[in-house]
Amino acid sequence: MTAVSENTTKHVTAPVVTDRLVLRLFTPADAGDRYAYQCLPEVARHLYRPPLTREGCAESIAARAGGTDWRADGDTLLLAVCRKEEPGVVGEVVLTLTSAHARQAEIGWVFDPRHAGRGYATEAAGALLSVAFGRLKAHRVFARLDALNTASARVCERLGMRREAHLVENDLDGDRWGSEYVYALLAREWKA
């Protein structure tokens, strides 16, 4: 595990506010909202894992409820995405420090299909990119996604990310070979 020097360690607790959204740490009270979309097979199929259980949602929320130190490989910031004017969680964004030494991070998002098509994923991911390149001083942020996930590919392209790779049949998802796209953006390319 590589660690960033102490003078660059950040403790991230959120919230991040956009025109329509609030990105904040999950609370135990959010477990039901999160489970409502994380349990869906159509959501999990693009994540190369089975749907999450109610207990799994609650455990991952509890593990990250206090925020995260942003200093070591694997440190992860998981934020609930909520609409400003309405209660409830509509999705989540996540940023994982994959290489502290090289200042590389992976971004991801998962949204309740009932809230699809409203631009929430693009707005929330854009806000998280601003945090990554601004406060967290990332050099490069990338997204890995199932090549069949056309909605997430469009989000990457709207954010100005470039497709750097198309990995063909690189993962076995049950009985299906999945292919993956890798999109990325450098700090100097980000236009907040």
# chains A, B, ... in the order shown; residues from 1 in each chain; ligands from 1
$ residues_around --residues "segment 101-110 of chain A" --least-positions-apart "4" --cutoff "7 Å" --atoms "only C-alpha atoms" --output "number ranges by chain"
A: 2-4, 91-97, 121, 138-143
$ closest_atom_pairs --of "segment 68-114 of chain A" --to "segment 16-25 of chain A" --cutoff "12 Å" --atoms "only C-alpha atoms" --output "Markdown table"
| residue | atom | partner | partner_atom | distance |
| --- | --- | --- | --- | --- |
| A:Thr68 | CA | A:Leu25 | CA | 9.9 |
| A:Thr76 | CA | A:Leu25 | CA | 11.7 |
| A:Leu77 | CA | A:Leu25 | CA | 8.4 |
| A:Leu78 | CA | A:Leu25 | CA | 6.8 |
| A:Leu79 | CA | A:Leu25 | CA | 4.8 |
| A:Ala80 | CA | A:Arg24 | CA | 5.3 |
| A:Val81 | CA | A:Leu23 | CA | 4.7 |
| A:Cys82 | CA | A:Val22 | CA | 5.2 |
| A:Arg83 | CA | A:Leu21 | CA | 4.5 |
| A:Lys84 | CA | A:Leu21 | CA | 5.1 |
| A:Glu85 | CA | A:Arg20 | CA | 7.9 |
| A:Glu86 | CA | A:Leu21 | CA | 9.6 |
| A:Pro87 | CA | A:Val22 | CA | 10.7 |
| A:Gly88 | CA | A:Val22 | CA | 10.8 |
| A:Val89 | CA | A:Leu23 | CA | 9.6 |
| A:Val90 | CA | A:Leu21 | CA | 9.8 |
| A:Gly91 | CA | A:Leu23 | CA | 9.6 |
| A:Glu92 | CA | A:Leu23 | CA | 8.1 |
| A:Val93 | CA | A:Leu23 | CA | 8.2 |
| A:Val94 | CA | A:Leu23 | CA | 10.4 |
| A:Trp109 | CA | A:Leu23 | CA | 11.8 |
$ residues_around --residues "Asp69 of chain A" --least-positions-apart "2" --cutoff "7 Å" --atoms "only C-alpha atoms" --output "PDB file with all heavy atoms, in the first residue's frame"
ATOM      1  N   THR A   9      -2.373  14.645   2.959  1.00  0.00           N
ATOM      2  CA  THR A   9      -3.532  13.891   3.404  1.00  0.00           C
ATOM      3  C   THR A   9      -4.729  14.815   3.555  1.00  0.00           C
ATOM      4  O   THR A   9      -4.629  15.898   4.106  1.00  0.00           O
ATOM      5  CB  THR A   9      -3.246  13.196   4.744  1.00  0.00           C
ATOM      6  OG1 THR A   9      -2.196  12.272   4.538  1.00  0.00           O
ATOM      7  CG2 THR A   9      -4.466  12.451   5.250  1.00  0.00           C
ATOM      8  N   LYS A  10      -5.870  14.379   3.052  1.00  0.00           N
ATOM      9  CA  LYS A  10      -7.115  15.120   3.175  1.00  0.00           C
ATOM     10  C   LYS A  10      -8.114  14.223   3.873  1.00  0.00           C
ATOM     11  O   LYS A  10      -8.135  13.015   3.672  1.00  0.00           O
ATOM     12  CB  LYS A  10      -7.678  15.490   1.799  1.00  0.00           C
ATOM     13  CG  LYS A  10      -6.720  16.205   0.889  1.00  0.00           C
ATOM     14  CD  LYS A  10      -6.587  17.647   1.266  1.00  0.00           C
ATOM     15  CE  LYS A  10      -5.748  18.367   0.221  1.00  0.00           C
ATOM     16  NZ  LYS A  10      -5.132  19.535   0.713  1.00  0.00           N
ATOM     17  N   HIS A  11      -8.947  14.820   4.705  1.00  0.00           N
ATOM     18  CA  HIS A  11     -10.070  14.070   5.268  1.00  0.00           C
ATOM     19  C   HIS A  11     -11.314  14.619   4.596  1.00  0.00           C
ATOM     20  O   HIS A  11     -11.590  15.816   4.666  1.00  0.00           O
ATOM     21  CB  HIS A  11     -10.174  14.218   6.781  1.00  0.00           C
ATOM     22  CG  HIS A  11     -11.237  13.349   7.357  1.00  0.00           C
ATOM     23  ND1 HIS A  11     -11.088  11.978   7.468  1.00  0.00           N
ATOM     24  CD2 HIS A  11     -12.473  13.629   7.805  1.00  0.00           C
ATOM     25  CE1 HIS A  11     -12.185  11.464   7.982  1.00  0.00           C
ATOM     26  NE2 HIS A  11     -13.048  12.447   8.197  1.00  0.00           N
ATOM     27  N   VAL A  12     -12.028  13.758   3.901  1.00  0.00           N
ATOM     28  CA  VAL A  12     -13.163  14.181   3.106  1.00  0.00           C
ATOM     29  C   VAL A  12     -14.448  13.812   3.830  1.00  0.00           C
ATOM     30  O   VAL A  12     -14.669  12.649   4.158  1.00  0.00           O
ATOM     31  CB  VAL A  12     -13.129  13.521   1.717  1.00  0.00           C
ATOM     32  CG1 VAL A  12     -14.278  14.007   0.866  1.00  0.00           C
ATOM     33  CG2 VAL A  12     -11.799  13.807   1.036  1.00  0.00           C
ATOM     34  N   ARG A  71      -5.434   9.276   1.481  1.00  0.00           N
ATOM     35  CA  ARG A  71      -3.978   9.213   1.540  1.00  0.00           C
ATOM     36  C   ARG A  71      -3.397   7.894   1.077  1.00  0.00           C
ATOM     37  O   ARG A  71      -2.274   7.847   0.641  1.00  0.00           O
ATOM     38  CB  ARG A  71      -3.496   9.515   2.945  1.00  0.00           C
ATOM     39  CG  ARG A  71      -3.996   8.571   3.997  1.00  0.00           C
ATOM     40  CD  ARG A  71      -3.529   9.003   5.387  1.00  0.00           C
ATOM     41  NE  ARG A  71      -4.271   8.313   6.417  1.00  0.00           N
ATOM     42  CZ  ARG A  71      -3.976   7.117   6.889  1.00  0.00           C
ATOM     43  NH1 ARG A  71      -2.914   6.482   6.464  1.00  0.00           N
ATOM     44  NH2 ARG A  71      -4.725   6.564   7.808  1.00  0.00           N
ATOM     45  N   ASP A  75      -8.352   4.004  -0.466  1.00  0.00           N
ATOM     46  CA  ASP A  75      -9.250   4.912   0.248  1.00  0.00           C
ATOM     47  C   ASP A  75     -10.404   5.280  -0.680  1.00  0.00           C
ATOM     48  O   ASP A  75     -10.193   5.611  -1.852  1.00  0.00           O
ATOM     49  CB  ASP A  75      -8.517   6.169   0.712  1.00  0.00           C
ATOM     50  CG  ASP A  75      -7.627   5.923   1.918  1.00  0.00           C
ATOM     51  OD1 ASP A  75      -7.697   4.824   2.506  1.00  0.00           O
ATOM     52  OD2 ASP A  75      -6.850   6.828   2.273  1.00  0.00           O
TER      53      ASP A  75
END
$ closest_residue --among "A:Gly117, A:Pro41, A:Ala31, A:Tyr181" --to "Glu157 of chain A" --atoms "only C-alpha atoms"
A:Tyr181
$ select_by_dssp --residues "segment 35-84 of chain A" --states "strand (DSSP E or B)" --output "compact mmCIF listing (two decimals) with all heavy atoms, in the first residue's frame"
# COMPACT_ATOMS: atom_id res chain seq x y z
N THR A 68 -13.66 9.82 4.74
CA THR A 68 -12.47 9.04 4.48
C THR A 68 -11.24 9.92 4.50
O THR A 68 -11.30 11.10 4.16
CB THR A 68 -12.57 8.33 3.11
OG1 THR A 68 -11.47 7.44 2.95
CG2 THR A 68 -12.57 9.29 1.94
N ASP A 69 -10.14 9.33 4.92
CA ASP A 69 -8.85 9.99 4.73
C ASP A 69 -8.45 9.70 3.30
O ASP A 69 -8.64 8.60 2.79
CB ASP A 69 -7.80 9.42 5.69
CG ASP A 69 -8.03 9.88 7.12
OD1 ASP A 69 -8.55 11.00 7.30
OD2 ASP A 69 -7.71 9.12 8.03
N TRP A 70 -7.92 10.66 2.64
CA TRP A 70 -7.54 10.52 1.23
C TRP A 70 -6.02 10.49 1.20
O TRP A 70 -5.36 11.49 0.99
CB TRP A 70 -8.10 11.68 0.43
CG TRP A 70 -8.00 11.49 -1.04
CD1 TRP A 70 -7.08 12.05 -1.87
CD2 TRP A 70 -8.83 10.67 -1.86
NE1 TRP A 70 -7.28 11.63 -3.15
CE2 TRP A 70 -8.36 10.79 -3.18
CE3 TRP A 70 -9.92 9.85 -1.61
CZ2 TRP A 70 -8.94 10.12 -4.24
CZ3 TRP A 70 -10.50 9.18 -2.66
CH2 TRP A 70 -10.02 9.32 -3.96
N ALA A 72 -4.16 6.80 1.15
CA ALA A 72 -3.59 5.48 0.84
C ALA A 72 -4.38 4.80 -0.27
O ALA A 72 -5.58 5.02 -0.42
CB ALA A 72 -3.62 4.61 2.10
N THR A 76 -11.61 5.22 -0.14
CA THR A 76 -12.81 5.39 -0.96
C THR A 76 -13.76 6.40 -0.35
O THR A 76 -14.05 6.34 0.85
CB THR A 76 -13.53 4.03 -1.12
OG1 THR A 76 -12.65 3.12 -1.78
CG2 THR A 76 -14.81 4.16 -1.94
N LEU A 77 -14.24 7.29 -1.18
CA LEU A 77 -15.25 8.26 -0.79
C LEU A 77 -16.56 7.86 -1.47
O LEU A 77 -16.65 7.87 -2.70
CB LEU A 77 -14.83 9.67 -1.22
CG LEU A 77 -15.82 10.79 -0.95
CD1 LEU A 77 -16.08 10.94 0.55
CD2 LEU A 77 -15.31 12.10 -1.55
N LEU A 78 -17.55 7.49 -0.68
CA LEU A 78 -18.87 7.10 -1.18
C LEU A 78 -19.86 8.16 -0.73
O LEU A 78 -19.99 8.42 0.46
CB LEU A 78 -19.27 5.74 -0.62
CG LEU A 78 -20.68 5.25 -0.95
CD1 LEU A 78 -20.83 4.98 -2.45
CD2 LEU A 78 -21.01 4.00 -0.14
N LEU A 79 -20.54 8.78 -1.70
CA LEU A 79 -21.48 9.86 -1.38
C LEU A 79 -22.88 9.54 -1.89
O LEU A 79 -23.05 9.09 -3.03
CB LEU A 79 -21.02 11.18 -2.01
CG LEU A 79 -19.66 11.72 -1.55
CD1 LEU A 79 -19.29 12.96 -2.33
CD2 LEU A 79 -19.67 11.98 -0.05
N ALA A 80 -23.86 9.82 -1.06
CA ALA A 80 -25.26 9.72 -1.46
C ALA A 80 -25.60 10.94 -2.31
O ALA A 80 -25.14 12.05 -2.04
CB ALA A 80 -26.15 9.71 -0.21
N VAL A 81 -26.38 10.72 -3.35
CA VAL A 81 -26.84 11.82 -4.20
C VAL A 81 -28.32 12.04 -3.90
O VAL A 81 -29.13 11.13 -4.04
CB VAL A 81 -26.63 11.51 -5.70
CG1 VAL A 81 -27.17 12.64 -6.57
CG2 VAL A 81 -25.16 11.26 -6.00
N CYS A 82 -28.63 13.26 -3.46
CA CYS A 82 -30.00 13.63 -3.09
C CYS A 82 -30.40 14.88 -3.86
O CYS A 82 -29.56 15.72 -4.15
CB CYS A 82 -30.08 13.92 -1.59
SG CYS A 82 -29.45 12.61 -0.56
N ARG A 83 -31.68 14.98 -4.18
CA ARG A 83 -32.18 16.21 -4.79
C ARG A 83 -32.34 17.26 -3.70
O ARG A 83 -32.75 16.94 -2.58
CB ARG A 83 -33.52 15.95 -5.48
CG ARG A 83 -33.34 15.00 -6.68
CD ARG A 83 -34.65 14.52 -7.18
NE ARG A 83 -35.20 13.62 -6.15
CZ ARG A 83 -36.31 12.94 -6.28
NH1 ARG A 83 -37.01 13.03 -7.38
NH2 ARG A 83 -36.74 12.15 -5.31
$ atom_distance --atom1 "atom CA of Leu185 of chain A" --atom2 "atom CA of Leu159 of chain A"
8.8 Å
$ atom_distance --atom1 "atom CA of Asp173 of chain A" --atom2 "atom CA of Ser152 of chain A"
18.2 Å
$ closest_residue --among "A:Arg54, A:Asp146, A:Leu128, A:Ser99" --to "Gly74 of chain A" --atoms "only C-alpha atoms"
A:Ser99
$ atom_distance --atom1 "atom CA of Arg158 of chain A" --atom2 "atom CA of Pro113 of chain A"
19.2 Å
$ select_by_dssp --residues "segment 49-137 of chain A" --states "helix (DSSP H, G or I)" --output "NGL selection string"
:A and (54-64 or 113-115 or 120-133)
$ closest_residue --among "A:Ala153, A:Ala63, A:Leu186, A:Ala165" --to "Phe133 of chain A" --atoms "only C-alpha atoms"
A:Leu186
$ closest_residue --among "A:Ala187, A:Tyr37, A:Tyr48, A:Ala29" --to "Arg135 of chain A" --atoms "only C-alpha atoms"
A:Ala187
$ closest_residue --among "A:Glu123, A:Thr27, A:Gly32, A:Arg49" --to "Ala62 of chain A" --atoms "only C-alpha atoms"
A:Thr27
$ decode --residues "segment 38-53 of chain A" --atoms "N, CA and C atoms" --output "PDB file, in the first residue's frame"
ATOM      1  N   GLN A  38     -29.825  -0.847  -5.333  1.00  0.00           N
ATOM      2  CA  GLN A  38     -28.681  -1.766  -5.338  1.00  0.00           C
ATOM      3  C   GLN A  38     -29.120  -3.233  -5.369  1.00  0.00           C
ATOM      4  N   CYS A  39     -30.365  -3.523  -5.063  1.00  0.00           N
ATOM      5  CA  CYS A  39     -30.852  -4.903  -5.092  1.00  0.00           C
ATOM      6  C   CYS A  39     -31.335  -5.324  -6.476  1.00  0.00           C
ATOM      7  N   LEU A  40     -31.430  -4.394  -7.404  1.00  0.00           N
ATOM      8  CA  LEU A  40     -32.002  -4.671  -8.717  1.00  0.00           C
ATOM      9  C   LEU A  40     -30.998  -5.376  -9.635  1.00  0.00           C
ATOM     10  N   PRO A  41     -31.391  -6.496 -10.229  1.00  0.00           N
ATOM     11  CA  PRO A  41     -30.488  -7.182 -11.167  1.00  0.00           C
ATOM     12  C   PRO A  41     -30.066  -6.299 -12.333  1.00  0.00           C
ATOM     13  N   GLU A  42     -30.962  -5.439 -12.829  1.00  0.00           N
ATOM     14  CA  GLU A  42     -30.606  -4.579 -13.967  1.00  0.00           C
ATOM     15  C   GLU A  42     -29.573  -3.519 -13.590  1.00  0.00           C
ATOM     16  N   VAL A  43     -29.448  -3.202 -12.317  1.00  0.00           N
ATOM     17  CA  VAL A  43     -28.395  -2.294 -11.853  1.00  0.00           C
ATOM     18  C   VAL A  43     -27.093  -3.072 -11.682  1.00  0.00           C
ATOM     19  N   ALA A  44     -27.161  -4.203 -11.020  1.00  0.00           N
ATOM     20  CA  ALA A  44     -25.957  -4.993 -10.724  1.00  0.00           C
ATOM     21  C   ALA A  44     -25.300  -5.558 -11.976  1.00  0.00           C
ATOM     22  N   ARG A  45     -26.049  -5.799 -13.029  1.00  0.00           N
ATOM     23  CA  ARG A  45     -25.462  -6.450 -14.215  1.00  0.00           C
ATOM     24  C   ARG A  45     -24.328  -5.641 -14.829  1.00  0.00           C
ATOM     25  N   HIS A  46     -24.346  -4.332 -14.673  1.00  0.00           N
ATOM     26  CA  HIS A  46     -23.267  -3.507 -15.202  1.00  0.00           C
ATOM     27  C   HIS A  46     -22.112  -3.350 -14.214  1.00  0.00           C
ATOM     28  N   LEU A  47     -22.256  -3.914 -13.030  1.00  0.00           N
ATOM     29  CA  LEU A  47     -21.242  -3.758 -11.996  1.00  0.00           C
ATOM     30  C   LEU A  47     -20.414  -5.021 -11.778  1.00  0.00           C
ATOM     31  N   TYR A  48     -20.674  -6.055 -12.550  1.00  0.00           N
ATOM     32  CA  TYR A  48     -19.941  -7.324 -12.456  1.00  0.00           C
ATOM     33  C   TYR A  48     -19.970  -7.904 -11.048  1.00  0.00           C
ATOM     34  N   ARG A  49     -21.139  -7.848 -10.451  1.00  0.00           N
ATOM     35  CA  ARG A  49     -21.329  -8.448  -9.132  1.00  0.00           C
ATOM     36  C   ARG A  49     -22.817  -8.684  -8.946  1.00  0.00           C
ATOM     37  N   PRO A  50     -23.155  -9.536  -8.007  1.00  0.00           N
ATOM     38  CA  PRO A  50     -24.588  -9.748  -7.760  1.00  0.00           C
ATOM     39  C   PRO A  50     -25.203  -8.529  -7.079  1.00  0.00           C
ATOM     40  N   PRO A  51     -26.540  -8.434  -7.104  1.00  0.00           N
ATOM     41  CA  PRO A  51     -27.202  -7.350  -6.385  1.00  0.00           C
ATOM     42  C   PRO A  51     -26.800  -7.367  -4.912  1.00  0.00           C
ATOM     43  N   LEU A  52     -26.750  -6.180  -4.301  1.00  0.00           N
ATOM     44  CA  LEU A  52     -26.405  -6.093  -2.887  1.00  0.00           C
ATOM     45  C   LEU A  52     -27.597  -6.480  -2.027  1.00  0.00           C
ATOM     46  N   THR A  53     -27.308  -7.034  -0.885  1.00  0.00           N
ATOM     47  CA  THR A  53     -28.351  -7.344   0.096  1.00  0.00           C
ATOM     48  C   THR A  53     -28.598  -6.094   0.947  1.00  0.00           C
TER      49      THR A  53
END
